[in-house]
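Have a look at the structure below before the remarks.
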Amino acid sequence: MRTQLHVNGGSVESGTIQRLQRTEDGLFLAHTGNEVLRARTVLLATGVVDIDPELEGFQGVKAQGLIRYCPICDGFEFSNECIGILARDEHGVHESVFIKRFSANLTMIDIADGDFLDQRSTDQLARESISLAQGLVQRLSTDDQHRIHVKMVDGREYTFDVLYCALGARVRSDLSRSLGARRNTDDYLIVDEHMQTGIEGLYAAGDMTNRLSQITVATGQAAIAATAIHNRLQHR
């Protein structure tokens, strides 16, 4: 794709956009710290960052590929495995129910010890026969068979084949703030059918638009946005 872009006169620039602003004549100025890039349109595709818990041993287990974030992507790979879900609120309950379709051997670990779970959520877990473990986690570790051990402060210990982290994500929509682009209560950018935000010439694609978090979805959104941008530039 880089070769195709180069053949058609495009290029890829590496760097970090620190600030995005718009001039009175409608141009966008992207500040990198070393230079200012000027453009008539901008397509944001900065995505989201998964939220990790601050638990002892978590990063070590993650480095072994035993922490997963998207059951839509890979839930089928762990069919009938022993699965744990690190969660703390209703979002974790919904994800647990989704994963239940792949395995009946499921435990949701409420790392907030019930602070954000209501009775309706616990009732739903019970109806779905999803085990609920509540309490403070002391540490995570693995053994020689790559099994995950979750030890609780009170001495309880749970063992899993894989852990899903269902703590949500932080949307990387900061660049749109100064421009006043509309966002929902979770910070996702609001876009129209052409993937344009409420700011003329500012488009967005991918996870930051609160659509299904899949590469194919993001690619399709980018194609819609690119076509709209092409038509916009063509008629000016």
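Residues in the structure tokens are named by chain (A, B, ... in the order shown) and by number from 1 within that chain; ligands are numbered from 1 in the order shown.
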Interface rows for segment 32-81 of chain A against segment 229-232 of chain A: nearest pair, Å to one decimal, 9 Å, only C-alpha atoms, as a Markdown table:
| residue | atom | partner | partner_atom | distance |
| --- | --- | --- | --- | --- |
| A:Thr41 | CA | A:Ile229 | CA | 7.1 |
| A:Val42 | CA | A:Ile229 | CA | 8.8 |
| A:Leu43 | CA | A:Ile229 | CA | 8.8 |
*asked:* Just want the 10 Å neighbourhood of Arg183 of chain A, counted on only C-alpha atoms, with same-chain residues fewer than 5 positions away dropped. Output as a PyMOL selection string.
replied: chain A and resi 173+176-177+188-191+197-198+208-209
*In segment 100-145 of chain A, what's strand (DSSP E or B) per DSSP? Answer as an NGL selection string?*
:A and (106-110 or 131-134 or 137-142)
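Considering the residues A:Val93, A:Ile17, A:Val150, A:Ala112 and counting only C-alpha atoms, Arg127 of chain A has its shortest atom-to-atom contact with A:Val93.
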*asked:* I'd like to know which of A:Asp154, A:Asp161, A:Asp50, A:Asp115 is closest to Ile85 of chain A, using only C-alpha atoms.
replied: A:Asp161
From a DSSP pass on the backbone, collect the residues of segment 7-224 of chain A flagged as helix (DSSP H, G or I) and hand them back as a PDB file with N, CA, C and O atoms, in the first residue's frame.
ATOM      1  N   VAL A   7       3.438   5.693  -5.839  1.00  0.00           N
ATOM      2  CA  VAL A   7       3.232   5.763  -7.291  1.00  0.00           C
ATOM      3  C   VAL A   7       2.229   6.851  -7.648  1.00  0.00           C
ATOM      4  O   VAL A   7       2.335   7.512  -8.686  1.00  0.00           O
ATOM      5  N   PHE A  58      -0.123  -8.298  35.972  1.00  0.00           N
ATOM      6  CA  PHE A  58      -0.972  -8.201  34.776  1.00  0.00           C
ATOM      7  C   PHE A  58      -0.134  -8.062  33.510  1.00  0.00           C
ATOM      8  O   PHE A  58      -0.365  -8.777  32.519  1.00  0.00           O
ATOM      9  N   GLN A  59       0.831  -7.149  33.514  1.00  0.00           N
ATOM     10  CA  GLN A  59       1.623  -6.909  32.308  1.00  0.00           C
ATOM     11  C   GLN A  59       2.441  -8.127  31.913  1.00  0.00           C
ATOM     12  O   GLN A  59       2.671  -8.382  30.731  1.00  0.00           O
ATOM     13  N   GLY A  60       2.910  -8.895  32.902  1.00  0.00           N
ATOM     14  CA  GLY A  60       3.655 -10.110  32.597  1.00  0.00           C
ATOM     15  C   GLY A  60       2.793 -11.154  31.923  1.00  0.00           C
ATOM     16  O   GLY A  60       3.222 -11.817  30.965  1.00  0.00           O
ATOM     17  N   VAL A  61       1.551 -11.299  32.386  1.00  0.00           N
ATOM     18  CA  VAL A  61       0.617 -12.231  31.748  1.00  0.00           C
ATOM     19  C   VAL A  61       0.258 -11.736  30.349  1.00  0.00           C
ATOM     20  O   VAL A  61       0.167 -12.515  29.402  1.00  0.00           O
ATOM     21  N   LYS A  62       0.089 -10.436  30.230  1.00  0.00           N
ATOM     22  CA  LYS A  62      -0.224  -9.839  28.930  1.00  0.00           C
ATOM     23  C   LYS A  62       0.896 -10.090  27.930  1.00  0.00           C
ATOM     24  O   LYS A  62       0.649 -10.372  26.748  1.00  0.00           O
ATOM     25  N   ALA A  63       2.148 -10.005  28.383  1.00  0.00           N
ATOM     26  CA  ALA A  63       3.306 -10.211  27.504  1.00  0.00           C
ATOM     27  C   ALA A  63       3.345 -11.630  26.950  1.00  0.00           C
ATOM     28  O   ALA A  63       3.951 -11.873  25.901  1.00  0.00           O
ATOM     29  N   PRO A  71     -13.497 -10.253  22.223  1.00  0.00           N
ATOM     30  CA  PRO A  71     -14.062 -11.577  21.932  1.00  0.00           C
ATOM     31  C   PRO A  71     -14.723 -11.656  20.561  1.00  0.00           C
ATOM     32  O   PRO A  71     -14.903 -12.742  20.024  1.00  0.00           O
ATOM     33  N   ILE A  72     -15.084 -10.502  19.989  1.00  0.00           N
ATOM     34  CA  ILE A  72     -15.618 -10.503  18.615  1.00  0.00           C
ATOM     35  C   ILE A  72     -14.527 -11.005  17.667  1.00  0.00           C
ATOM     36  O   ILE A  72     -14.785 -11.741  16.719  1.00  0.00           O
ATOM     37  N   CYS A  73     -13.290 -10.607  17.952  1.00  0.00           N
ATOM     38  CA  CYS A  73     -12.155 -10.973  17.097  1.00  0.00           C
ATOM     39  C   CYS A  73     -11.733 -12.428  17.307  1.00  0.00           C
ATOM     40  O   CYS A  73     -11.498 -13.150  16.342  1.00  0.00           O
ATOM     41  N   ASP A  74     -11.590 -12.826  18.569  1.00  0.00           N
ATOM     42  CA  ASP A  74     -10.947 -14.115  18.821  1.00  0.00           C
ATOM     43  C   ASP A  74     -11.654 -15.014  19.830  1.00  0.00           C
ATOM     44  O   ASP A  74     -11.089 -16.013  20.273  1.00  0.00           O
ATOM     45  N   GLY A  75     -12.886 -14.689  20.194  1.00  0.00           N
ATOM     46  CA  GLY A  75     -13.591 -15.517  21.161  1.00  0.00           C
ATOM     47  C   GLY A  75     -13.709 -16.970  20.734  1.00  0.00           C
ATOM     48  O   GLY A  75     -13.585 -17.893  21.551  1.00  0.00           O
ATOM     49  N   PHE A  76     -13.905 -17.193  19.441  1.00  0.00           N
ATOM     50  CA  PHE A  76     -14.073 -18.560  18.935  1.00  0.00           C
ATOM     51  C   PHE A  76     -12.829 -19.405  19.188  1.00  0.00           C
ATOM     52  O   PHE A  76     -12.921 -20.632  19.345  1.00  0.00           O
ATOM     53  N   GLU A  77     -11.660 -18.780  19.227  1.00  0.00           N
ATOM     54  CA  GLU A  77     -10.410 -19.512  19.448  1.00  0.00           C
ATOM     55  C   GLU A  77     -10.375 -20.192  20.811  1.00  0.00           C
ATOM     56  O   GLU A  77      -9.594 -21.135  21.025  1.00  0.00           O
ATOM     57  N   PHE A  78     -11.194 -19.698  21.739  1.00  0.00           N
ATOM     58  CA  PHE A  78     -11.175 -20.246  23.096  1.00  0.00           C
ATOM     59  C   PHE A  78     -12.471 -20.976  23.438  1.00  0.00           C
ATOM     60  O   PHE A  78     -12.874 -21.039  24.591  1.00  0.00           O
ATOM     61  N   GLU A  90     -21.308  -2.781  34.350  1.00  0.00           N
ATOM     62  CA  GLU A  90     -22.267  -3.398  33.444  1.00  0.00           C
ATOM     63  C   GLU A  90     -21.652  -3.762  32.099  1.00  0.00           C
ATOM     64  O   GLU A  90     -22.056  -4.740  31.469  1.00  0.00           O
ATOM     65  N   HIS A  91     -20.674  -2.986  31.653  1.00  0.00           N
ATOM     66  CA  HIS A  91     -19.990  -3.315  30.400  1.00  0.00           C
ATOM     67  C   HIS A  91     -19.373  -4.709  30.472  1.00  0.00           C
ATOM     68  O   HIS A  91     -19.448  -5.489  29.513  1.00  0.00           O
ATOM     69  N   GLY A  92     -18.771  -5.026  31.603  1.00  0.00           N
ATOM     70  CA  GLY A  92     -18.182  -6.346  31.774  1.00  0.00           C
ATOM     71  C   GLY A  92     -19.221  -7.448  31.771  1.00  0.00           C
ATOM     72  O   GLY A  92     -18.960  -8.561  31.296  1.00  0.00           O
ATOM     73  N   VAL A  93     -20.401  -7.145  32.293  1.00  0.00           N
ATOM     74  CA  VAL A  93     -21.495  -8.117  32.284  1.00  0.00           C
ATOM     75  C   VAL A  93     -21.909  -8.429  30.846  1.00  0.00           C
ATOM     76  O   VAL A  93     -22.062  -9.593  30.457  1.00  0.00           O
ATOM     77  N   HIS A  94     -22.085  -7.388  30.040  1.00  0.00           N
ATOM     78  CA  HIS A  94     -22.476  -7.588  28.636  1.00  0.00           C
ATOM     79  C   HIS A  94     -21.419  -8.412  27.892  1.00  0.00           C
ATOM     80  O   HIS A  94     -21.755  -9.296  27.092  1.00  0.00           O
ATOM     81  N   GLU A  95     -20.146  -8.120  28.156  1.00  0.00           N
ATOM     82  CA  GLU A  95     -19.083  -8.864  27.477  1.00  0.00           C
ATOM     83  C   GLU A  95     -19.063 -10.316  27.931  1.00  0.00           C
ATOM     84  O   GLU A  95     -18.832 -11.227  27.134  1.00  0.00           O
ATOM     85  N   SER A  96     -19.310 -10.537  29.211  1.00  0.00           N
ATOM     86  CA  SER A  96     -19.348 -11.903  29.728  1.00  0.00           C
ATOM     87  C   SER A  96     -20.456 -12.705  29.050  1.00  0.00           C
ATOM     88  O   SER A  96     -20.263 -13.874  28.672  1.00  0.00           O
ATOM     89  N   VAL A  97     -21.628 -12.087  28.897  1.00  0.00           N
ATOM     90  CA  VAL A  97     -22.746 -12.758  28.234  1.00  0.00           C
ATOM     91  C   VAL A  97     -22.397 -13.086  26.787  1.00  0.00           C
ATOM     92  O   VAL A  97     -22.736 -14.157  26.268  1.00  0.00           O
ATOM     93  N   PHE A  98     -21.698 -12.175  26.121  1.00  0.00           N
ATOM     94  CA  PHE A  98     -21.276 -12.413  24.734  1.00  0.00           C
ATOM     95  C   PHE A  98     -20.327 -13.609  24.676  1.00  0.00           C
ATOM     96  O   PHE A  98     -20.463 -14.497  23.826  1.00  0.00           O
ATOM     97  N   ILE A  99     -19.349 -13.648  25.582  1.00  0.00           N
ATOM     98  CA  ILE A  99     -18.362 -14.722  25.583  1.00  0.00           C
ATOM     99  C   ILE A  99     -18.995 -16.061  25.949  1.00  0.00           C
ATOM    100  O   ILE A  99     -18.504 -17.122  25.552  1.00  0.00           O
ATOM    101  N   GLN A 119     -28.058  -4.884  41.239  1.00  0.00           N
ATOM    102  CA  GLN A 119     -28.734  -6.171  41.380  1.00  0.00           C
ATOM    103  C   GLN A 119     -29.143  -6.744  40.040  1.00  0.00           C
ATOM    104  O   GLN A 119     -29.093  -7.965  39.820  1.00  0.00           O
ATOM    105  N   ARG A 120     -29.531  -5.871  39.120  1.00  0.00           N
ATOM    106  CA  ARG A 120     -29.928  -6.341  37.800  1.00  0.00           C
ATOM    107  C   ARG A 120     -28.769  -7.045  37.093  1.00  0.00           C
ATOM    108  O   ARG A 120     -28.956  -8.067  36.436  1.00  0.00           O
ATOM    109  N   SER A 121     -27.574  -6.510  37.258  1.00  0.00           N
ATOM    110  CA  SER A 121     -26.397  -7.107  36.623  1.00  0.00           C
ATOM    111  C   SER A 121     -26.075  -8.469  37.215  1.00  0.00           C
ATOM    112  O   SER A 121     -25.795  -9.431  36.491  1.00  0.00           O
ATOM    113  N   THR A 122     -26.109  -8.561  38.532  1.00  0.00           N
ATOM    114  CA  THR A 122     -25.805  -9.844  39.169  1.00  0.00           C
ATOM    115  C   THR A 122     -26.880 -10.876  38.852  1.00  0.00           C
ATOM    116  O   THR A 122     -26.580 -12.062  38.686  1.00  0.00           O
ATOM    117  N   ASP A 123     -28.120 -10.421  38.744  1.00  0.00           N
ATOM    118  CA  ASP A 123     -29.203 -11.337  38.370  1.00  0.00           C
ATOM    119  C   ASP A 123     -29.002 -11.868  36.959  1.00  0.00           C
ATOM    120  O   ASP A 123     -29.256 -13.047  36.672  1.00  0.00           O
ATOM    121  N   GLN A 124     -28.539 -11.001  36.053  1.00  0.00           N
ATOM    122  CA  GLN A 124     -28.310 -11.431  34.675  1.00  0.00           C
ATOM    123  C   GLN A 124     -27.199 -12.476  34.615  1.00  0.00           C
ATOM    124  O   GLN A 124     -27.300 -13.463  33.877  1.00  0.00           O
ATOM    125  N   LEU A 125     -26.139 -12.270  35.375  1.00  0.00           N
ATOM    126  CA  LEU A 125     -25.057 -13.254  35.416  1.00  0.00           C
ATOM    127  C   LEU A 125     -25.572 -14.595  35.923  1.00  0.00           C
ATOM    128  O   LEU A 125     -25.209 -15.656  35.397  1.00  0.00           O
ATOM    129  N   ALA A 126     -26.427 -14.541  36.933  1.00  0.00           N
ATOM    130  CA  ALA A 126     -26.983 -15.776  37.492  1.00  0.00           C
ATOM    131  C   ALA A 126     -27.849 -16.504  36.462  1.00  0.00           C
ATOM    132  O   ALA A 126     -27.777 -17.735  36.330  1.00  0.00           O
ATOM    133  N   ARG A 127     -28.672 -15.749  35.723  1.00  0.00           N
ATOM    134  CA  ARG A 127     -29.522 -16.365  34.705  1.00  0.00           C
ATOM    135  C   ARG A 127     -28.700 -17.044  33.621  1.00  0.00           C
ATOM    136  O   ARG A 127     -29.105 -18.067  33.065  1.00  0.00           O
ATOM    137  N   ASP A 174      -8.662  13.616  21.372  1.00  0.00           N
ATOM    138  CA  ASP A 174      -8.176  14.903  21.871  1.00  0.00           C
ATOM    139  C   ASP A 174      -7.986  15.945  20.772  1.00  0.00           C
ATOM    140  O   ASP A 174      -8.240  17.134  20.985  1.00  0.00           O
ATOM    141  N   LEU A 175      -7.520  15.509  19.593  1.00  0.00           N
ATOM    142  CA  LEU A 175      -7.240  16.468  18.522  1.00  0.00           C
ATOM    143  C   LEU A 175      -8.494  17.203  18.068  1.00  0.00           C
ATOM    144  O   LEU A 175      -8.411  18.305  17.531  1.00  0.00           O
ATOM    145  N   SER A 176      -9.633  16.603  18.270  1.00  0.00           N
ATOM    146  CA  SER A 176     -10.877  17.223  17.819  1.00  0.00           C
ATOM    147  C   SER A 176     -11.442  18.226  18.827  1.00  0.00           C
ATOM    148  O   SER A 176     -12.347  18.990  18.509  1.00  0.00           O
ATOM    149  N   ARG A 177     -10.917  18.221  20.044  1.00  0.00           N
ATOM    150  CA  ARG A 177     -11.480  19.062  21.106  1.00  0.00           C
ATOM    151  C   ARG A 177     -11.420  20.550  20.771  1.00  0.00           C
ATOM    152  O   ARG A 177     -12.415  21.269  20.873  1.00  0.00           O
ATOM    153  N   ASP A 207     -12.326   2.920  15.310  1.00  0.00           N
ATOM    154  CA  ASP A 207     -12.875   2.718  16.652  1.00  0.00           C
ATOM    155  C   ASP A 207     -13.342   4.003  17.319  1.00  0.00           C
ATOM    156  O   ASP A 207     -14.240   3.980  18.169  1.00  0.00           O
ATOM    157  N   MET A 208     -12.755   5.132  16.971  1.00  0.00           N
ATOM    158  CA  MET A 208     -13.116   6.389  17.629  1.00  0.00           C
ATOM    159  C   MET A 208     -14.514   6.872  17.246  1.00  0.00           C
ATOM    160  O   MET A 208     -15.018   7.826  17.832  1.00  0.00           O
ATOM    161  N   THR A 209     -15.166   6.185  16.307  1.00  0.00           N
ATOM    162  CA  THR A 209     -16.527   6.560  15.906  1.00  0.00           C
ATOM    163  C   THR A 209     -17.588   5.695  16.594  1.00  0.00           C
ATOM    164  O   THR A 209     -18.763   5.776  16.248  1.00  0.00           O
ATOM    165  N   ILE A 215     -11.123  -4.253  12.074  1.00  0.00           N
ATOM    166  CA  ILE A 215     -10.311  -3.632  11.029  1.00  0.00           C
ATOM    167  C   ILE A 215     -11.122  -3.479   9.744  1.00  0.00           C
ATOM    168  O   ILE A 215     -11.032  -2.456   9.052  1.00  0.00           O
ATOM    169  N   THR A 216     -11.927  -4.492   9.431  1.00  0.00           N
ATOM    170  CA  THR A 216     -12.715  -4.418   8.200  1.00  0.00           C
ATOM    171  C   THR A 216     -13.727  -3.278   8.251  1.00  0.00           C
ATOM    172  O   THR A 216     -13.997  -2.623   7.235  1.00  0.00           O
ATOM    173  N   VAL A 217     -14.302  -3.037   9.427  1.00  0.00           N
ATOM    174  CA  VAL A 217     -15.246  -1.929   9.581  1.00  0.00           C
ATOM    175  C   VAL A 217     -14.523  -0.601   9.395  1.00  0.00           C
ATOM    176  O   VAL A 217     -14.996   0.292   8.689  1.00  0.00           O
ATOM    177  N   ALA A 218     -13.354  -0.466  10.035  1.00  0.00           N
ATOM    178  CA  ALA A 218     -12.575   0.764   9.914  1.00  0.00           C
ATOM    179  C   ALA A 218     -12.159   1.011   8.467  1.00  0.00           C
ATOM    180  O   ALA A 218     -12.176   2.151   7.983  1.00  0.00           O
ATOM    181  N   THR A 219     -11.788  -0.057   7.766  1.00  0.00           N
ATOM    182  CA  THR A 219     -11.388   0.067   6.363  1.00  0.00           C
ATOM    183  C   THR A 219     -12.561   0.542   5.512  1.00  0.00           C
ATOM    184  O   THR A 219     -12.416   1.404   4.633  1.00  0.00           O
ATOM    185  N   GLY A 220     -13.738  -0.025   5.773  1.00  0.00           N
ATOM    186  CA  GLY A 220     -14.925   0.398   5.040  1.00  0.00           C
ATOM    187  C   GLY A 220     -15.269   1.852   5.318  1.00  0.00           C
ATOM    188  O   GLY A 220     -15.622   2.609   4.400  1.00  0.00           O
ATOM    189  N   GLN A 221     -15.160   2.256   6.589  1.00  0.00           N
ATOM    190  CA  GLN A 221     -15.418   3.657   6.932  1.00  0.00           C
ATOM    191  C   GLN A 221     -14.430   4.579   6.227  1.00  0.00           C
ATOM    192  O   GLN A 221     -14.803   5.661   5.751  1.00  0.00           O
ATOM    193  N   ALA A 222     -13.170   4.154   6.184  1.00  0.00           N
ATOM    194  CA  ALA A 222     -12.145   4.966   5.524  1.00  0.00           C
ATOM    195  C   ALA A 222     -12.443   5.125   4.037  1.00  0.00           C
ATOM    196  O   ALA A 222     -12.223   6.196   3.455  1.00  0.00           O
ATOM    197  N   ALA A 223     -12.962   4.065   3.417  1.00  0.00           N
ATOM    198  CA  ALA A 223     -13.320   4.135   2.000  1.00  0.00           C
ATOM    199  C   ALA A 223     -14.463   5.117   1.783  1.00  0.00           C
ATOM    200  O   ALA A 223     -14.472   5.893   0.813  1.00  0.00           O
ATOM    201  N   ILE A 224     -15.445   5.100   2.694  1.00  0.00           N
ATOM    202  CA  ILE A 224     -16.565   6.040   2.598  1.00  0.00           C
ATOM    203  C   ILE A 224     -16.061   7.473   2.759  1.00  0.00           C
ATOM    204  O   ILE A 224     -16.420   8.372   1.985  1.00  0.00           O
TER     205      ILE A 224
END
*asked:* Which residues are close to segment 25-33 of chain A, i.e. within 10 Å by only C-alpha atoms, leaving aside same-chain residues fewer than 5 positions away? Reply as a PyMOL selection string.
replied: chain A and resi 14-20+38-42+175+179+200-202
